[in-house]
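Undergrad: A single structure is presented below for examination.
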Amino acid sequence: MFEGKLVRLRALHSDDAEQHLRWRNDPEVARWATASHPSFGPVTAEAIGLGFETMLRLDPRESAVLTVEDLASGSVIGMTDYRDLDPYAGVATLGVTIGEREFWGRGHGSDALRLLVDHLFGAYCLSRLELDTWSGNERAVRAFTKLGFREEGRRRSSVLLDGKRYDSVLFGMLREEWARPCDGVDDFRGLPADM
């Protein structure tokens, strides 16, 4: 577990599937998480079950899905993940979704992402982390920028939502732009076994 100011990140459990099913079938969550991309939802319980079988077996040296809990109440409020971790190139891709609407705009997503960035730069000694969003998600753009991510590029007019075109916006952060040093760690020793 990793604890921040507002949230705790923990390993994914099979009983988290219920929340994932609800979030991925919530049109507002789908809209802000993925610009309503059909790969996010709606989905069936069976599809979530199959997806969870895969997610629970992920090799944390390559990718993982973590559960975001509200620190005050202990309730499950979202998920964060990393994928495409390449220790040779020193790069990984991140994502975060707060599925419980009452926690939107209160800093929980930023806190979860900060914890994940801190963990990945510390445990893996990566050179670079990246993530993306769509240009209409101004709240995510502000949060990523505030955390120190820099806009690095756009895929113009690549997102279609409600008949309108948006850009896909790529953000990156280099190790030297993060606050903590590497301390010479260059392997996977810092990763908890249950992640």
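Labeling convention for the structure tokens: chains A, B, ... as they appear, residues from 1 per chain, ligands from 1 in order of appearance.
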Skip segment 174-176 of chain A itself and residues of its chain fewer than 3 positions away, then list as a PyMOL selection string all residues within 7 Å of it, counting only C-alpha atoms.

TA: chain A and resi 121+126-129

Undergrad: Excluding segment 154-158 of chain A and residues on its chain fewer than 5 positions from it, collect all residues at most 7 Å away from it, counting only C-alpha atoms, and give them as a count of residues only.

TA: 6

Undergrad: Based on the backbone DSSP call, show me all residues of chain A assigned helix (DSSP H, G or I), as an MDAnalysis selection string.

TA: chainID A and resid 14:24 27:34 45:55 101:103 108:124 138:147 175:177

Undergrad: Would you mind exporting C-alpha atoms of the selected residues as an mmCIF file, in the first residue's frame?

TA:
```
data_model
loop_
_atom_site.group_PDB
_atom_site.id
_atom_site.type_symbol
_atom_site.label_atom_id
_atom_site.label_comp_id
_atom_site.auth_asym_id
_atom_site.auth_seq_id
_atom_site.Cartn_x
_atom_site.Cartn_y
_atom_site.Cartn_z
ATOM 1 C CA SER A 14 -11.257 -9.662 -7.269
ATOM 2 C CA ASP A 15 -14.043 -7.995 -5.260
ATOM 3 C CA ASP A 16 -13.127 -4.636 -6.887
ATOM 4 C CA ALA A 17 -14.850 -5.886 -10.057
ATOM 5 C CA GLU A 18 -18.240 -4.612 -8.869
ATOM 6 C CA GLN A 19 -17.025 -1.003 -8.775
ATOM 7 C CA HIS A 20 -15.263 -1.347 -12.150
ATOM 8 C CA LEU A 21 -18.487 -2.646 -13.695
ATOM 9 C CA ARG A 22 -20.445 0.302 -12.312
ATOM 10 C CA TRP A 23 -17.875 2.901 -13.397
ATOM 11 C CA ARG A 24 -17.475 1.519 -16.907
ATOM 12 C CA PRO A 27 -21.784 7.436 -19.143
ATOM 13 C CA GLU A 28 -20.246 10.383 -17.266
ATOM 14 C CA VAL A 29 -17.272 8.350 -16.042
ATOM 15 C CA ALA A 30 -16.765 6.987 -19.569
ATOM 16 C CA ARG A 31 -16.989 10.496 -21.010
ATOM 17 C CA TRP A 32 -14.275 11.986 -18.819
ATOM 18 C CA ALA A 33 -12.039 8.905 -18.641
ATOM 19 C CA THR A 34 -11.931 8.118 -22.360
ATOM 20 C CA ALA A 45 -20.316 -8.364 -15.909
ATOM 21 C CA GLU A 46 -18.895 -11.305 -17.846
ATOM 22 C CA ALA A 47 -16.474 -9.041 -19.726
ATOM 23 C CA ILE A 48 -15.353 -7.424 -16.471
ATOM 24 C CA GLY A 49 -14.861 -10.884 -14.966
ATOM 25 C CA LEU A 50 -12.650 -11.956 -17.868
ATOM 26 C CA GLY A 51 -10.736 -8.691 -17.698
ATOM 27 C CA PHE A 52 -10.167 -9.137 -13.977
ATOM 28 C CA GLU A 53 -8.767 -12.634 -14.509
ATOM 29 C CA THR A 54 -6.128 -11.024 -16.712
ATOM 30 C CA MET A 55 -5.523 -7.965 -14.504
ATOM 31 C CA ARG A 101 -18.339 11.329 -8.926
ATOM 32 C CA GLU A 102 -18.473 12.905 -5.454
ATOM 33 C CA PHE A 103 -14.650 12.748 -5.402
ATOM 34 C CA HIS A 108 -8.003 12.551 -5.164
ATOM 35 C CA GLY A 109 -6.962 11.741 -8.742
ATOM 36 C CA SER A 110 -3.929 14.015 -8.492
ATOM 37 C CA ASP A 111 -2.899 12.426 -5.201
ATOM 38 C CA ALA A 112 -3.250 8.913 -6.675
ATOM 39 C CA LEU A 113 -1.217 9.854 -9.724
ATOM 40 C CA ARG A 114 1.471 11.518 -7.577
ATOM 41 C CA LEU A 115 1.801 8.322 -5.507
ATOM 42 C CA LEU A 116 2.116 6.199 -8.627
ATOM 43 C CA VAL A 117 4.711 8.519 -10.185
ATOM 44 C CA ASP A 118 6.705 8.535 -6.947
ATOM 45 C CA HIS A 119 6.587 4.742 -6.746
ATOM 46 C CA LEU A 120 7.556 4.143 -10.368
ATOM 47 C CA PHE A 121 10.422 6.622 -10.402
ATOM 48 C CA GLY A 122 11.647 5.219 -7.065
ATOM 49 C CA ALA A 123 11.217 1.476 -7.554
ATOM 50 C CA TYR A 124 12.156 1.257 -11.207
ATOM 51 C CA GLU A 138 -9.574 20.369 -19.044
ATOM 52 C CA ARG A 139 -9.628 19.114 -15.442
ATOM 53 C CA ALA A 140 -7.163 16.310 -16.340
ATOM 54 C CA VAL A 141 -4.986 18.701 -18.370
ATOM 55 C CA ARG A 142 -4.734 21.055 -15.361
ATOM 56 C CA ALA A 143 -4.040 18.194 -12.930
ATOM 57 C CA PHE A 144 -1.292 16.661 -15.075
ATOM 58 C CA THR A 145 0.349 20.041 -15.576
ATOM 59 C CA LYS A 146 0.146 20.889 -11.878
ATOM 60 C CA LEU A 147 1.900 17.591 -11.045
ATOM 61 C CA ARG A 175 13.155 11.813 -13.954
ATOM 62 C CA GLU A 176 15.017 15.106 -13.477
ATOM 63 C CA GLU A 177 11.680 16.940 -13.411
#
```

Undergrad: Which neighbours of segment 80-88 of chain A fall inside 6 Å, counting only C-alpha atoms, when residues of the same chain fewer than 4 positions from it are skipped, and could you give them as a PDB file with N, CA, C and O atoms, in the first residue's frame?

TA:
```pdb
ATOM      1  N   GLU A  62       5.889  -5.270 -15.555  1.00  0.00           N
ATOM      2  CA  GLU A  62       5.471  -4.762 -16.865  1.00  0.00           C
ATOM      3  C   GLU A  62       4.246  -3.861 -16.784  1.00  0.00           C
ATOM      4  O   GLU A  62       4.147  -2.875 -17.491  1.00  0.00           O
ATOM      5  N   SER A  63       3.293  -4.230 -15.919  1.00  0.00           N
ATOM      6  CA  SER A  63       2.052  -3.457 -15.808  1.00  0.00           C
ATOM      7  C   SER A  63       1.297  -3.878 -14.556  1.00  0.00           C
ATOM      8  O   SER A  63       1.512  -4.962 -14.021  1.00  0.00           O
ATOM      9  N   ALA A  64       0.408  -2.998 -14.100  1.00  0.00           N
ATOM     10  CA  ALA A  64      -0.432  -3.299 -12.942  1.00  0.00           C
ATOM     11  C   ALA A  64      -1.607  -2.337 -12.914  1.00  0.00           C
ATOM     12  O   ALA A  64      -1.513  -1.212 -13.404  1.00  0.00           O
ATOM     13  N   VAL A  65      -2.712  -2.813 -12.341  1.00  0.00           N
ATOM     14  CA  VAL A  65      -3.870  -1.976 -12.049  1.00  0.00           C
ATOM     15  C   VAL A  65      -3.971  -1.923 -10.533  1.00  0.00           C
ATOM     16  O   VAL A  65      -3.960  -2.959  -9.866  1.00  0.00           O
ATOM     17  N   LEU A  66      -4.040  -0.715  -9.994  1.00  0.00           N
ATOM     18  CA  LEU A  66      -4.119  -0.518  -8.549  1.00  0.00           C
ATOM     19  C   LEU A  66      -5.455   0.115  -8.194  1.00  0.00           C
ATOM     20  O   LEU A  66      -6.011   0.894  -8.977  1.00  0.00           O
ATOM     21  N   ALA A  92       7.423   4.192 -18.978  1.00  0.00           N
ATOM     22  CA  ALA A  92       6.146   3.546 -18.677  1.00  0.00           C
ATOM     23  C   ALA A  92       5.017   4.525 -18.965  1.00  0.00           C
ATOM     24  O   ALA A  92       5.222   5.747 -18.948  1.00  0.00           O
ATOM     25  N   THR A  93       3.833   3.980 -19.221  1.00  0.00           N
ATOM     26  CA  THR A  93       2.626   4.763 -19.477  1.00  0.00           C
ATOM     27  C   THR A  93       1.684   4.612 -18.287  1.00  0.00           C
ATOM     28  O   THR A  93       1.518   3.508 -17.765  1.00  0.00           O
ATOM     29  N   LEU A  94       1.064   5.720 -17.864  1.00  0.00           N
ATOM     30  CA  LEU A  94       0.194   5.737 -16.685  1.00  0.00           C
ATOM     31  C   LEU A  94      -1.240   6.078 -17.053  1.00  0.00           C
ATOM     32  O   LEU A  94      -1.504   6.660 -18.104  1.00  0.00           O
ATOM     33  N   GLY A  95      -2.133   5.789 -16.125  1.00  0.00           N
ATOM     34  CA  GLY A  95      -3.513   6.219 -16.251  1.00  0.00           C
ATOM     35  C   GLY A  95      -4.152   6.311 -14.878  1.00  0.00           C
ATOM     36  O   GLY A  95      -3.705   5.660 -13.930  1.00  0.00           O
ATOM     37  N   VAL A  96      -5.190   7.108 -14.766  1.00  0.00           N
ATOM     38  CA  VAL A  96      -5.933   7.232 -13.512  1.00  0.00           C
ATOM     39  C   VAL A  96      -7.387   7.542 -13.843  1.00  0.00           C
ATOM     40  O   VAL A  96      -7.674   8.305 -14.771  1.00  0.00           O
TER      41      VAL A  96
END
```
